[in-house]
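Chemist: Structure: query34.pdb, PDB, C-alpha atoms.
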ATOM      1  CA  MET A   1      -1.913  10.357  18.822
ATOM      2  CA  ASP A   2      -5.371  11.946  18.632
ATOM      3  CA  SER A   3      -3.920  14.999  16.885
ATOM      4  CA  ALA A   4      -2.195  12.855  14.252
ATOM      5  CA  ALA A   5      -5.417  10.907  13.658
ATOM      6  CA  ILE A   6      -7.360  14.158  13.278
ATOM      7  CA  LEU A   7      -4.773  15.381  10.746
ATOM      8  CA  VAL A   8      -5.075  12.216   8.651
ATOM      9  CA  GLY A   9      -8.861  12.016   8.974
ATOM     10  CA  TRP A  10      -9.623  15.562   7.919
ATOM     11  CA  LEU A  11      -6.985  15.503   5.181
ATOM     12  CA  ALA A  12      -8.743  12.407   3.824
ATOM     13  CA  LEU A  13     -12.119  14.191   3.924
ATOM     14  CA  SER A  14     -10.800  17.276   2.154
ATOM     15  CA  SER A  15      -9.121  15.132  -0.524
ATOM     16  CA  THR A  16     -12.338  13.171  -1.036
ATOM     17  CA  LEU A  17     -14.477  16.292  -1.412
ATOM     18  CA  TYR A  18     -11.941  17.934  -3.731
ATOM     19  CA  THR A  19     -11.820  14.865  -5.959
ATOM     20  CA  ILE A  20     -15.607  14.655  -6.138
ATOM     21  CA  ALA A  21     -15.856  18.336  -7.073
ATOM     22  CA  PHE A  22     -12.782  18.846  -9.241
ATOM     23  CA  GLY A  23     -11.375  15.397 -10.021
ATOM     24  CA  SER A  24      -9.632  14.537 -13.268
ATOM     25  CA  SER A  25     -11.406  13.083 -16.297
ATOM     26  CA  ASN A  26     -10.721   9.475 -15.299
ATOM     27  CA  THR A  27     -12.864   9.925 -12.164
ATOM     28  CA  ARG A  28     -15.936  10.921 -14.193
ATOM     29  CA  GLY A  29     -18.680   8.890 -15.783
ATOM     30  CA  SER A  30     -19.441   6.312 -13.090
ATOM     31  CA  PHE A  31     -19.172   5.637  -9.396
ATOM     32  CA  GLU A  32     -16.738   2.810 -10.206
ATOM     33  CA  ALA A  33     -14.377   5.266 -11.917
ATOM     34  CA  LEU A  34     -14.744   7.799  -9.095
ATOM     35  CA  TRP A  35     -14.035   5.141  -6.478
ATOM     36  CA  LYS A  36     -11.129   3.426  -8.205
ATOM     37  CA  PHE A  37      -9.289   6.438  -9.573
ATOM     38  CA  GLY A  38     -10.279   9.007  -6.981
ATOM     39  CA  ILE A  39     -11.709   8.450  -3.538
ATOM     40  CA  ALA A  40     -11.322   4.793  -2.518
ATOM     41  CA  TYR A  41      -8.583   5.259   0.074
ATOM     42  CA  THR A  42      -9.390   8.764   1.192
ATOM     43  CA  ALA A  43     -13.073   7.953   1.761
ATOM     44  CA  THR A  44     -12.167   4.724   3.548
ATOM     45  CA  ILE A  45      -9.673   6.506   5.802
ATOM     46  CA  PHE A  46     -12.255   9.133   6.786
ATOM     47  CA  ILE A  47     -14.926   6.484   7.432
ATOM     48  CA  LEU A  48     -12.480   4.566   9.641
ATOM     49  CA  TYR A  49     -11.605   7.798  11.434
ATOM     50  CA  LEU A  50     -15.274   8.355  12.231
ATOM     51  CA  ALA A  51     -15.736   4.721  13.237
ATOM     52  CA  ALA A  52     -12.778   4.944  15.623
ATOM     53  CA  ARG A  53     -14.271   7.985  17.293
ATOM     54  CA  LEU A  54     -17.818   6.638  17.561
ATOM     55  CA  LEU A  55     -17.751   2.830  17.660
ATOM     56  CA  PRO A  56     -15.870  -0.073  19.274
ATOM     57  CA  THR A  57     -12.837  -1.380  17.379
ATOM     58  CA  ILE A  58     -14.595  -4.501  16.114
ATOM     59  CA  PHE A  59     -16.919  -2.333  14.029
ATOM     60  CA  SER A  60     -13.922  -0.615  12.413
ATOM     61  CA  ILE A  61     -12.605  -4.022  11.346
ATOM     62  CA  ILE A  62     -16.004  -5.001   9.924
ATOM     63  CA  VAL A  63     -16.218  -1.689   8.034
ATOM     64  CA  LEU A  64     -12.703  -2.229   6.664
ATOM     65  CA  PHE A  65     -13.539  -5.695   5.313
ATOM     66  CA  ALA A  66     -16.848  -4.443   3.883
ATOM     67  CA  LEU A  67     -15.248  -1.516   2.049
ATOM     68  CA  GLY A  68     -12.451  -3.769   0.776
ATOM     69  CA  ALA A  69     -15.009  -6.221  -0.606
ATOM     70  CA  MET A  70     -16.972  -3.387  -2.203
ATOM     71  CA  GLY A  71     -13.793  -2.034  -3.776
ATOM     72  CA  THR A  72     -12.963  -5.444  -5.200
ATOM     73  CA  PHE A  73     -16.458  -5.673  -6.719
ATOM     74  CA  LEU A  74     -15.760  -2.255  -8.241
ATOM     75  CA  ASN A  75     -12.668  -3.679  -9.955
ATOM     76  CA  PHE A  76     -10.098  -2.150  -7.570
ATOM     77  CA  ARG A  77      -8.228  -5.336  -6.701
ATOM     78  CA  SER A  78      -5.182  -3.823  -5.018
ATOM     79  CA  PHE A  79      -7.504  -1.854  -2.736
ATOM     80  CA  GLY A  80      -9.301  -5.049  -1.766
ATOM     81  CA  LEU A  81      -5.981  -6.770  -1.116
ATOM     82  CA  VAL A  82      -4.656  -3.992   1.141
ATOM     83  CA  CYS A  83      -7.927  -3.769   3.089
ATOM     84  CA  ALA A  84      -8.062  -7.546   3.563
ATOM     85  CA  VAL A  85      -4.463  -7.709   4.785
ATOM     86  CA  ALA A  86      -5.031  -4.738   7.118
ATOM     87  CA  GLY A  87      -8.151  -6.359   8.550
ATOM     88  CA  ALA A  88      -6.365  -9.677   9.051
ATOM     89  CA  MET A  89      -3.498  -7.914  10.827
ATOM     90  CA  CYS A  90      -5.928  -6.147  13.157
ATOM     91  CA  ILE A  91      -7.482  -9.502  14.056
ATOM     92  CA  ALA A  92      -4.000 -10.959  14.604
ATOM     93  CA  LYS A  93      -3.186  -8.120  17.007
ATOM     94  CA  ALA A  94      -6.340  -8.638  19.068
ATOM     95  CA  GLY A  95      -5.878 -10.004  22.598
ATOM     96  CA  ARG A  96      -2.648 -10.854  24.416
ATOM     97  CA  ARG A  97      -1.325  -7.340  24.282
ATOM     98  CA  GLY A  98       2.379  -6.907  23.813
ATOM     99  CA  ASN A  99       3.099 -10.177  21.981
ATOM    100  CA  THR A 100       4.791  -8.635  18.954
ATOM    101  CA  PHE A 101       6.327 -11.904  17.741
ATOM    102  CA  ARG A 102       2.880 -13.543  17.669
ATOM    103  CA  THR A 103       1.530 -10.584  15.719
ATOM    104  CA  ILE A 104       4.320 -10.795  13.140
ATOM    105  CA  VAL A 105       3.839 -14.543  12.636
ATOM    106  CA  LEU A 106       0.048 -14.353  12.353
ATOM    107  CA  ALA A 107       0.172 -11.272  10.142
ATOM    108  CA  SER A 108       2.723 -12.915   7.818
ATOM    109  CA  MET A 109       0.515 -15.994   7.539
ATOM    110  CA  ALA A 110      -2.477 -13.777   6.812
ATOM    111  CA  VAL A 111      -0.622 -11.872   4.081
ATOM    112  CA  LEU A 112       0.433 -15.106   2.379
ATOM    113  CA  ALA A 113      -3.033 -16.648   2.658
ATOM    114  CA  ILE A 114      -4.866 -13.567   1.398
ATOM    115  CA  SER A 115      -2.363 -13.021  -1.430
ATOM    116  CA  TYR A 116      -3.150 -16.562  -2.594
ATOM    117  CA  LEU A 117      -6.866 -16.857  -1.806
ATOM    118  CA  LEU A 118      -8.096 -13.421  -2.924
ATOM    119  CA  PRO A 119      -6.897 -13.828  -6.549
ATOM    120  CA  LEU A 120      -8.520 -17.284  -6.610
ATOM    121  CA  ALA A 121     -11.797 -15.791  -5.386
ATOM    122  CA  ILE A 122     -11.601 -13.025  -7.993
ATOM    123  CA  ASP A 123     -10.825 -15.458 -10.819
ATOM    124  CA  SER A 124     -13.747 -17.670  -9.755
ATOM    125  CA  GLY A 125     -16.174 -14.767 -10.240
ATOM    126  CA  ALA A 126     -16.945 -14.259  -6.557
ATOM    127  CA  PHE A 127     -16.477 -10.480  -6.955
ATOM    128  CA  GLY A 128     -18.376 -10.103 -10.214
ATOM    129  CA  THR A 129     -17.745 -10.864 -13.855
ATOM    130  CA  THR A 130     -16.101  -7.518 -14.646
ATOM    131  CA  THR A 131     -13.398  -7.972 -12.022
ATOM    132  CA  GLN A 132     -13.056 -11.640 -13.012
ATOM    133  CA  TYR A 133     -12.559 -10.762 -16.689
ATOM    134  CA  LYS A 134      -9.957  -8.099 -15.943
ATOM    135  CA  SER A 135      -8.044 -10.412 -13.627
ATOM    136  CA  LEU A 136      -8.016 -13.248 -16.156
ATOM    137  CA  SER A 137      -7.081 -10.911 -18.999
ATOM    138  CA  GLN A 138      -4.099  -9.678 -16.997
ATOM    139  CA  ALA A 139      -2.964 -13.137 -15.937
ATOM    140  CA  ASP A 140       0.037 -12.886 -18.264
ATOM    141  CA  ASN A 141       1.045  -9.492 -16.846
ATOM    142  CA  GLY A 142       2.559 -10.761 -13.635
ATOM    143  CA  PRO A 143       1.818 -11.913 -10.101
ATOM    144  CA  ALA A 144      -1.472 -10.699  -8.628
ATOM    145  CA  ILE A 145       0.407  -9.361  -5.594
ATOM    146  CA  LEU A 146       1.752  -6.569  -7.830
ATOM    147  CA  GLY A 147      -1.804  -5.372  -8.436
ATOM    148  CA  GLY A 148      -1.269  -4.880 -12.144
ATOM    149  CA  ARG A 149       1.963  -2.911 -11.792
ATOM    150  CA  THR A 150       4.472  -4.115 -14.377
ATOM    151  CA  GLU A 151       7.437  -1.796 -13.699
ATOM    152  CA  PRO A 152       9.300  -3.634 -10.854
ATOM    153  CA  PRO A 153      11.258  -5.977 -13.202
ATOM    154  CA  LEU A 154      12.664  -2.938 -15.022
ATOM    155  CA  SER A 155      13.687  -1.379 -11.710
ATOM    156  CA  ILE A 156      15.305  -4.630 -10.569
ATOM    157  CA  ALA A 157      17.277  -4.980 -13.804
ATOM    158  CA  ALA A 158      18.466  -1.354 -13.615
ATOM    159  CA  ILE A 159      19.592  -1.806  -9.999
ATOM    160  CA  GLN A 160      21.430  -5.022 -10.856
ATOM    161  CA  ALA A 161      23.232  -3.261 -13.718
ATOM    162  CA  ARG A 162      24.478  -0.392 -11.510
ATOM    163  CA  PRO A 163      23.944  -1.422  -7.886
ATOM    164  CA  LEU A 164      26.065   1.180  -6.059
ATOM    165  CA  LEU A 165      25.942   4.566  -7.740
ATOM    166  CA  GLY A 166      22.906   4.226  -9.967
ATOM    167  CA  TRP A 167      22.277   5.647 -13.418
ATOM    168  CA  GLY A 168      22.117   9.327 -12.498
ATOM    169  CA  ASN A 169      18.881   9.549 -14.462
ATOM    170  CA  ALA A 170      16.382   6.779 -15.122
ATOM    171  CA  GLN A 171      16.079   8.030 -18.681
ATOM    172  CA  SER A 172      19.636   6.748 -19.265
ATOM    173  CA  ILE A 173      18.658   3.066 -18.866
ATOM    174  CA  ASP A 174      19.989   1.272 -21.947
ATOM    175  CA  GLY A 175      18.595  -1.396 -24.241
ATOM    176  CA  SER A 176      20.550  -4.293 -22.752
ATOM    177  CA  THR A 177      19.094  -3.505 -19.323
ATOM    178  CA  VAL A 178      15.594  -3.426 -20.785
ATOM    179  CA  ASN A 179      16.229  -6.839 -22.372
ATOM    180  CA  HIS A 180      17.388  -8.170 -19.000
ATOM    181  CA  ALA A 181      14.215  -6.710 -17.437
ATOM    182  CA  VAL A 182      12.110  -8.588 -19.988
ATOM    183  CA  ALA A 183      13.862 -11.827 -19.004
ATOM    184  CA  ILE A 184      13.112 -11.128 -15.312
ATOM    185  CA  ALA A 185       9.491 -10.334 -16.165
ATOM    186  CA  GLN A 186       9.079 -13.548 -18.127
ATOM    187  CA  SER A 187      10.488 -15.536 -15.210
ATOM    188  CA  LEU A 188       7.640 -14.040 -13.130
ATOM    189  CA  GLY A 189       5.029 -15.165 -15.643
ATOM    190  CA  MET A 190       4.732 -11.837 -17.469
ATOM    191  CA  ASN A 191       4.333 -13.083 -21.027
ATOM    192  CA  ASN A 192       2.712 -10.137 -22.828
ATOM    193  CA  VAL A 193       6.036  -8.460 -23.577
ATOM    194  CA  GLN A 194       4.711  -5.803 -25.926
ATOM    195  CA  THR A 195       1.967  -4.798 -23.485
ATOM    196  CA  TYR A 196       4.184  -4.049 -20.518
ATOM    197  CA  THR A 197       7.228  -2.705 -22.370
ATOM    198  CA  GLN A 198       4.934   0.038 -23.702
ATOM    199  CA  LEU A 199       4.308   0.987 -20.069
ATOM    200  CA  TRP A 200       8.024   0.888 -19.259
ATOM    201  CA  ILE A 201       8.977   3.091 -22.213
ATOM    202  CA  ARG A 202       6.203   5.451 -23.225
ATOM    203  CA  SER A 203       5.493   6.595 -26.769
ATOM    204  CA  ASP A 204       7.543   9.758 -26.258
ATOM    205  CA  GLY A 205      10.550   7.727 -25.035
ATOM    206  CA  PHE A 206      10.030   8.476 -21.320
ATOM    207  CA  VAL A 207      11.172   5.622 -19.066
ATOM    208  CA  SER A 208       8.610   5.038 -16.297
ATOM    209  CA  LEU A 209       9.514   3.236 -13.064
ATOM    210  CA  HIS A 210       6.340   4.394 -11.262
ATOM    211  CA  SER A 211       7.762   4.098  -7.745
ATOM    212  CA  MET A 212       8.802   6.447  -4.949
ATOM    213  CA  LEU A 213      11.355   3.860  -3.832
ATOM    214  CA  PHE A 214      12.815   2.568  -7.079
ATOM    215  CA  VAL A 215      13.268   5.897  -8.881
ATOM    216  CA  PRO A 216      15.833   7.227  -6.350
ATOM    217  CA  TRP A 217      17.409   3.761  -6.015
ATOM    218  CA  VAL A 218      17.888   3.418  -9.779
ATOM    219  CA  GLU A 219      19.116   6.981 -10.173
ATOM    220  CA  GLY A 220      21.286   7.369  -7.071
ATOM    221  CA  GLY A 221      21.903   3.917  -5.634
ATOM    222  CA  PRO A 222      20.996   2.600  -2.167
ATOM    223  CA  VAL A 223      22.122   5.802  -0.433
ATOM    224  CA  ALA A 224      19.489   7.788  -2.347
ATOM    225  CA  ALA A 225      16.861   5.141  -1.566
ATOM    226  CA  PHE A 226      17.711   4.966   2.150
ATOM    227  CA  PRO A 227      15.141   7.573   3.291
ATOM    228  CA  MET A 228      12.344   5.689   1.529
ATOM    229  CA  LEU A 229      13.543   2.401   3.025
ATOM    230  CA  LEU A 230      13.408   4.018   6.458
ATOM    231  CA  MET A 231       9.886   5.187   5.736
ATOM    232  CA  ILE A 232       8.839   1.665   4.734
ATOM    233  CA  GLY A 233      10.366   0.398   7.975
ATOM    234  CA  LEU A 234       8.378   2.976   9.943
ATOM    235  CA  PHE A 235       5.119   1.966   8.254
ATOM    236  CA  VAL A 236       5.792  -1.748   8.766
ATOM    237  CA  TRP A 237       6.514  -1.244  12.459
ATOM    238  CA  ALA A 238       3.466   0.967  12.954
ATOM    239  CA  ALA A 239       1.213  -1.597  11.268
ATOM    240  CA  ILE A 240       2.566  -4.299  13.578
ATOM    241  CA  VAL A 241       2.339  -2.451  16.901
ATOM    242  CA  ALA A 242      -0.705  -0.174  16.445
ATOM    243  CA  ARG A 243      -3.558  -1.174  18.740
ATOM    244  CA  GLY A 244      -6.399   0.433  20.594
ATOM    245  CA  ARG A 245      -8.732   3.118  19.396
ATOM    246  CA  TRP A 246      -6.734   4.134  16.326
ATOM    247  CA  GLY A 247      -5.210   0.722  15.576
ATOM    248  CA  VAL A 248      -7.337  -0.080  12.514
ATOM    249  CA  LEU A 249      -6.810   3.372  11.008
ATOM    250  CA  VAL A 250      -3.045   3.258  11.575
ATOM    251  CA  THR A 251      -2.794  -0.243  10.106
ATOM    252  CA  LEU A 252      -4.645   0.629   6.901
ATOM    253  CA  VAL A 253      -2.851   3.960   6.425
ATOM    254  CA  SER A 254       0.542   2.299   7.005
ATOM    255  CA  LEU A 255      -0.080  -0.587   4.589
ATOM    256  CA  GLN A 256      -1.452   1.722   1.916
ATOM    257  CA  SER A 257       1.578   3.988   2.321
ATOM    258  CA  ILE A 258       3.890   0.995   1.850
ATOM    259  CA  TRP A 259       2.011   0.178  -1.350
ATOM    260  CA  ASP A 260       2.327   3.782  -2.533
ATOM    261  CA  VAL A 261       6.048   3.958  -1.794
ATOM    262  CA  LEU A 262       6.629   0.736  -3.727
ATOM    263  CA  PHE A 263       4.277   1.201  -6.674
ATOM    264  CA  SER A 264       3.295   4.874  -7.002
ATOM    265  CA  PRO A 265       5.121   8.010  -8.185
ATOM    266  CA  TRP A 266       5.367  11.368  -6.414
ATOM    267  CA  THR A 267       2.337  12.933  -8.087
ATOM    268  CA  GLY A 268      -0.665  14.999  -7.072
ATOM    269  CA  ALA A 269      -1.480  15.160  -3.375
ATOM    270  CA  ARG A 270       0.368  11.908  -2.639
ATOM    271  CA  VAL A 271       3.312  13.816  -1.126
ATOM    272  CA  VAL A 272       1.053  15.363   1.510
ATOM    273  CA  ALA A 273      -0.778  12.077   2.108
ATOM    274  CA  VAL A 274       2.431  10.096   2.681
ATOM    275  CA  ALA A 275       3.816  12.832   4.945
ATOM    276  CA  ALA A 276       0.643  12.811   7.074
ATOM    277  CA  ALA A 277       0.753   8.997   7.161
ATOM    278  CA  ALA A 278       4.349   9.140   8.407
ATOM    279  CA  VAL A 279       3.289  11.483  11.225
ATOM    280  CA  LEU A 280       0.499   9.077  12.220
ATOM    281  CA  ALA A 281       2.821   6.057  12.055
ATOM    282  CA  GLY A 282       5.481   7.877  14.062
ATOM    283  CA  PHE A 283       3.014   8.676  16.836
ATOM    284  CA  ALA A 284       1.835   5.054  16.858
ATOM    285  CA  VAL A 285       5.376   3.711  17.227
ATOM    286  CA  LEU A 286       6.296   6.343  19.810
ATOM    287  CA  GLY A 287       3.122   5.693  21.781
ATOM    288  CA  ARG A 288       3.776   1.965  21.780
ATOM    289  CA  ALA A 289       7.366   2.453  22.941
ATOM    290  CA  THR A 290       6.226   4.835  25.695
ATOM    291  CA  SER A 291       3.537   2.457  26.954
ATOM    292  CA  ARG A 292       5.974  -0.457  27.032
ATOM    293  CA  SER A 293       8.515   1.651  28.939
ATOM    294  CA  ALA A 294       5.860   2.703  31.452
ATOM    295  CA  ALA A 295       4.737  -0.893  31.906
ATOM    296  CA  THR A 296       8.331  -2.000  32.508
ATOM    297  CA  MET A 297       8.864   0.730  35.100
ATOM    298  CA  ASN A 298       5.627  -0.172  36.878
ATOM    299  CA  LEU A 299       6.637  -3.823  36.999
ATOM    300  CA  ALA A 300      10.084  -2.943  38.361
ATOM    301  CA  GLY A 301       8.471  -0.711  41.000
ATOM    302  CA  ARG A 302       6.208  -3.523  42.156
ATOM    303  CA  ARG A 303       9.154  -5.869  42.508
ATOM    304  CA  ILE A 304      11.025  -3.352  44.609
TER     305      ILE A 304
END
Can you dump the structure from the file as structure tokens?
Modeler:
Amino acid sequence: MDSAAILVGWLALSSTLYTIAFGSSNTRGSFEALWKFGIAYTATIFILYLAARLLPTIFSIIVLFALGAMGTFLNFRSFGLVCAVAGAMCIAKAGRRGNTFRTIVLASMAVLAISYLLPLAIDSGAFGTTTQYKSLSQADNGPAILGGRTEPPLSIAAIQARPLLGWGNAQSIDGSTVNHAVAIAQSLGMNNVQTYTQLWIRSDGFVSLHSMLFVPWVEGGPVAAFPMLLMIGLFVWAAIVARGRWGVLVTLVSLQSIWDVLFSPWTGARVVAVAAAAVLAGFAVLGRATSRSAATMNLAGRRI
């Protein structure tokens, strides 16, 4: 487990330093731009890695909430949401080791509460007027839980149109499917049709689904999407069972990876980041299974 944490921690540091030195144009001009479009997650992961090595777990949770709040002030709402949910899950996992059902129930309640309360706090101006204005201006672009991503209705409509074998190529999605996607989007409260359809179908005609999960599902059906579904399952399980020294780090990395698989494309260094996250999550799940097996054997030996 330590080796996997070292891999993720130092990969995060190298990505952060590279972005600061050579980042793209949208990371320039202000710390807000650098944080939101460049180093938010990588810097947070490295800070949590250091905290796990040097401080008790409670300090890692405090750092996680603090960085999430800072990110929300800097207009990175999805970052704040993921950090808040990760922190709540870590609190839910504290004490009474081994009670997975309790963790799932408390974590689910935390996700629902935060998904409802955080947007209310943002809209009230608690995280600054800039974040408040952006949130209110995007109110017609869909549920806050999607973090501003508008593509899922298009993916859903394309899957419904060809559920088994897919389209072969997402660029083959036809007009009737796009119209059905608009109807789905409007049912979710996405009323600025022209705004989000321009993101679905770019000016050069490229159809954008913006998702590691939905692109293979739309193009090749559920069989093509199965590996990504397995990866989501791995990250969910790791976030639920991870405890101890690396528990906070594993929880954040797993939840962020779920977000990336759902709402991000395979671009840049994200392939390496998700692969390293899968290694960390795999070690967390394996370590949990091993510890439970050892505990069971010890209990059986005492009874004998």
Chemist: Given the file shown, determine the residues that the PyMOL selection byres ((chain A and resi 161) around 10) selects; report them as a short mmCIF file (atom, residue, chain, number, x, y, z; two decimals) with C-alpha atoms, in the coordinates of the input.
Modeler:
data_model
loop_
_atom_site.label_atom_id
_atom_site.label_comp_id
_atom_site.auth_asym_id
_atom_site.auth_seq_id
_atom_site.Cartn_x
_atom_site.Cartn_y
_atom_site.Cartn_z
CA SER A 155 13.69 -1.38 -11.71
CA ILE A 156 15.30 -4.63 -10.57
CA ALA A 157 17.28 -4.98 -13.80
CA ALA A 158 18.47 -1.35 -13.62
CA ILE A 159 19.59 -1.81 -10.00
CA GLN A 160 21.43 -5.02 -10.86
CA ARG A 162 24.48 -0.39 -11.51
CA PRO A 163 23.94 -1.42 -7.89
CA LEU A 164 26.06 1.18 -6.06
CA GLY A 166 22.91 4.23 -9.97
CA TRP A 167 22.28 5.65 -13.42
CA ILE A 173 18.66 3.07 -18.87
CA ASP A 174 19.99 1.27 -21.95
CA SER A 176 20.55 -4.29 -22.75
CA THR A 177 19.09 -3.50 -19.32
CA HIS A 180 17.39 -8.17 -19.00
CA VAL A 218 17.89 3.42 -9.78
#
Chemist: Once 4 Å is added on each side, what are the centre and the three edge lengths, in Å to one decimal, of the axis-aligned box enclosing the listed atoms of stretch 26-33 of chain A? Present them as AutoDock Vina command-line options.
Modeler:
--center_x -15.1 --center_y 6.9 --center_z -12.6 --size_x 16.7 --size_y 16.1 --size_z 14.4
Chemist: Could you tell me which residues the PyMOL selection byres ((chain A and resi 34) around 12) returns for this structure, as an MDAnalysis selection string?
Modeler: chainID A and resid 16:33 35:43 71 74:76
Chemist: Could you list, as a PDB file with C-alpha atoms, in the coordinates of the input, every residue within 10 Å of A:Phe46, counting only C-alpha atoms and ignoring same-chain residues fewer than 4 positions away?
Modeler:
ATOM      1  CA  ALA A   5      -5.417  10.907  13.658  1.00  0.00           C
ATOM      2  CA  ILE A   6      -7.360  14.158  13.278  1.00  0.00           C
ATOM      3  CA  VAL A   8      -5.075  12.216   8.651  1.00  0.00           C
ATOM      4  CA  GLY A   9      -8.861  12.016   8.974  1.00  0.00           C
ATOM      5  CA  TRP A  10      -9.623  15.562   7.919  1.00  0.00           C
ATOM      6  CA  LEU A  11      -6.985  15.503   5.181  1.00  0.00           C
ATOM      7  CA  ALA A  12      -8.743  12.407   3.824  1.00  0.00           C
ATOM      8  CA  LEU A  13     -12.119  14.191   3.924  1.00  0.00           C
ATOM      9  CA  SER A  14     -10.800  17.276   2.154  1.00  0.00           C
ATOM     10  CA  SER A  15      -9.121  15.132  -0.524  1.00  0.00           C
ATOM     11  CA  THR A  16     -12.338  13.171  -1.036  1.00  0.00           C
ATOM     12  CA  TYR A  41      -8.583   5.259   0.074  1.00  0.00           C
ATOM     13  CA  THR A  42      -9.390   8.764   1.192  1.00  0.00           C
ATOM     14  CA  LEU A  50     -15.274   8.355  12.231  1.00  0.00           C
ATOM     15  CA  ALA A  51     -15.736   4.721  13.237  1.00  0.00           C
ATOM     16  CA  ALA A  52     -12.778   4.944  15.623  1.00  0.00           C
ATOM     17  CA  LEU A 249      -6.810   3.372  11.008  1.00  0.00           C
TER      18      LEU A 249
END
Chemist: Specify as a list in words each residue included when the PyMOL selection byres ((chain A and resi 257-262) around 8) is applied to this file.
Modeler: Ser211, Met212, Leu213, Phe214, Met228, Ile232, Phe235, Val236, Val253, Ser254, Leu255, Gln256, Phe263, Ser264, Pro265, Val274 and Ala277 of chain A
Chemist: Could you tell me how far atom CA of A:Pro56 lies from atom CA of A:Ala276, in Å and to one decimal?
Modeler: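 So the two atoms, atom CA of A:Pro56 and atom CA of A:Ala276, lie 24.2 Å apart.
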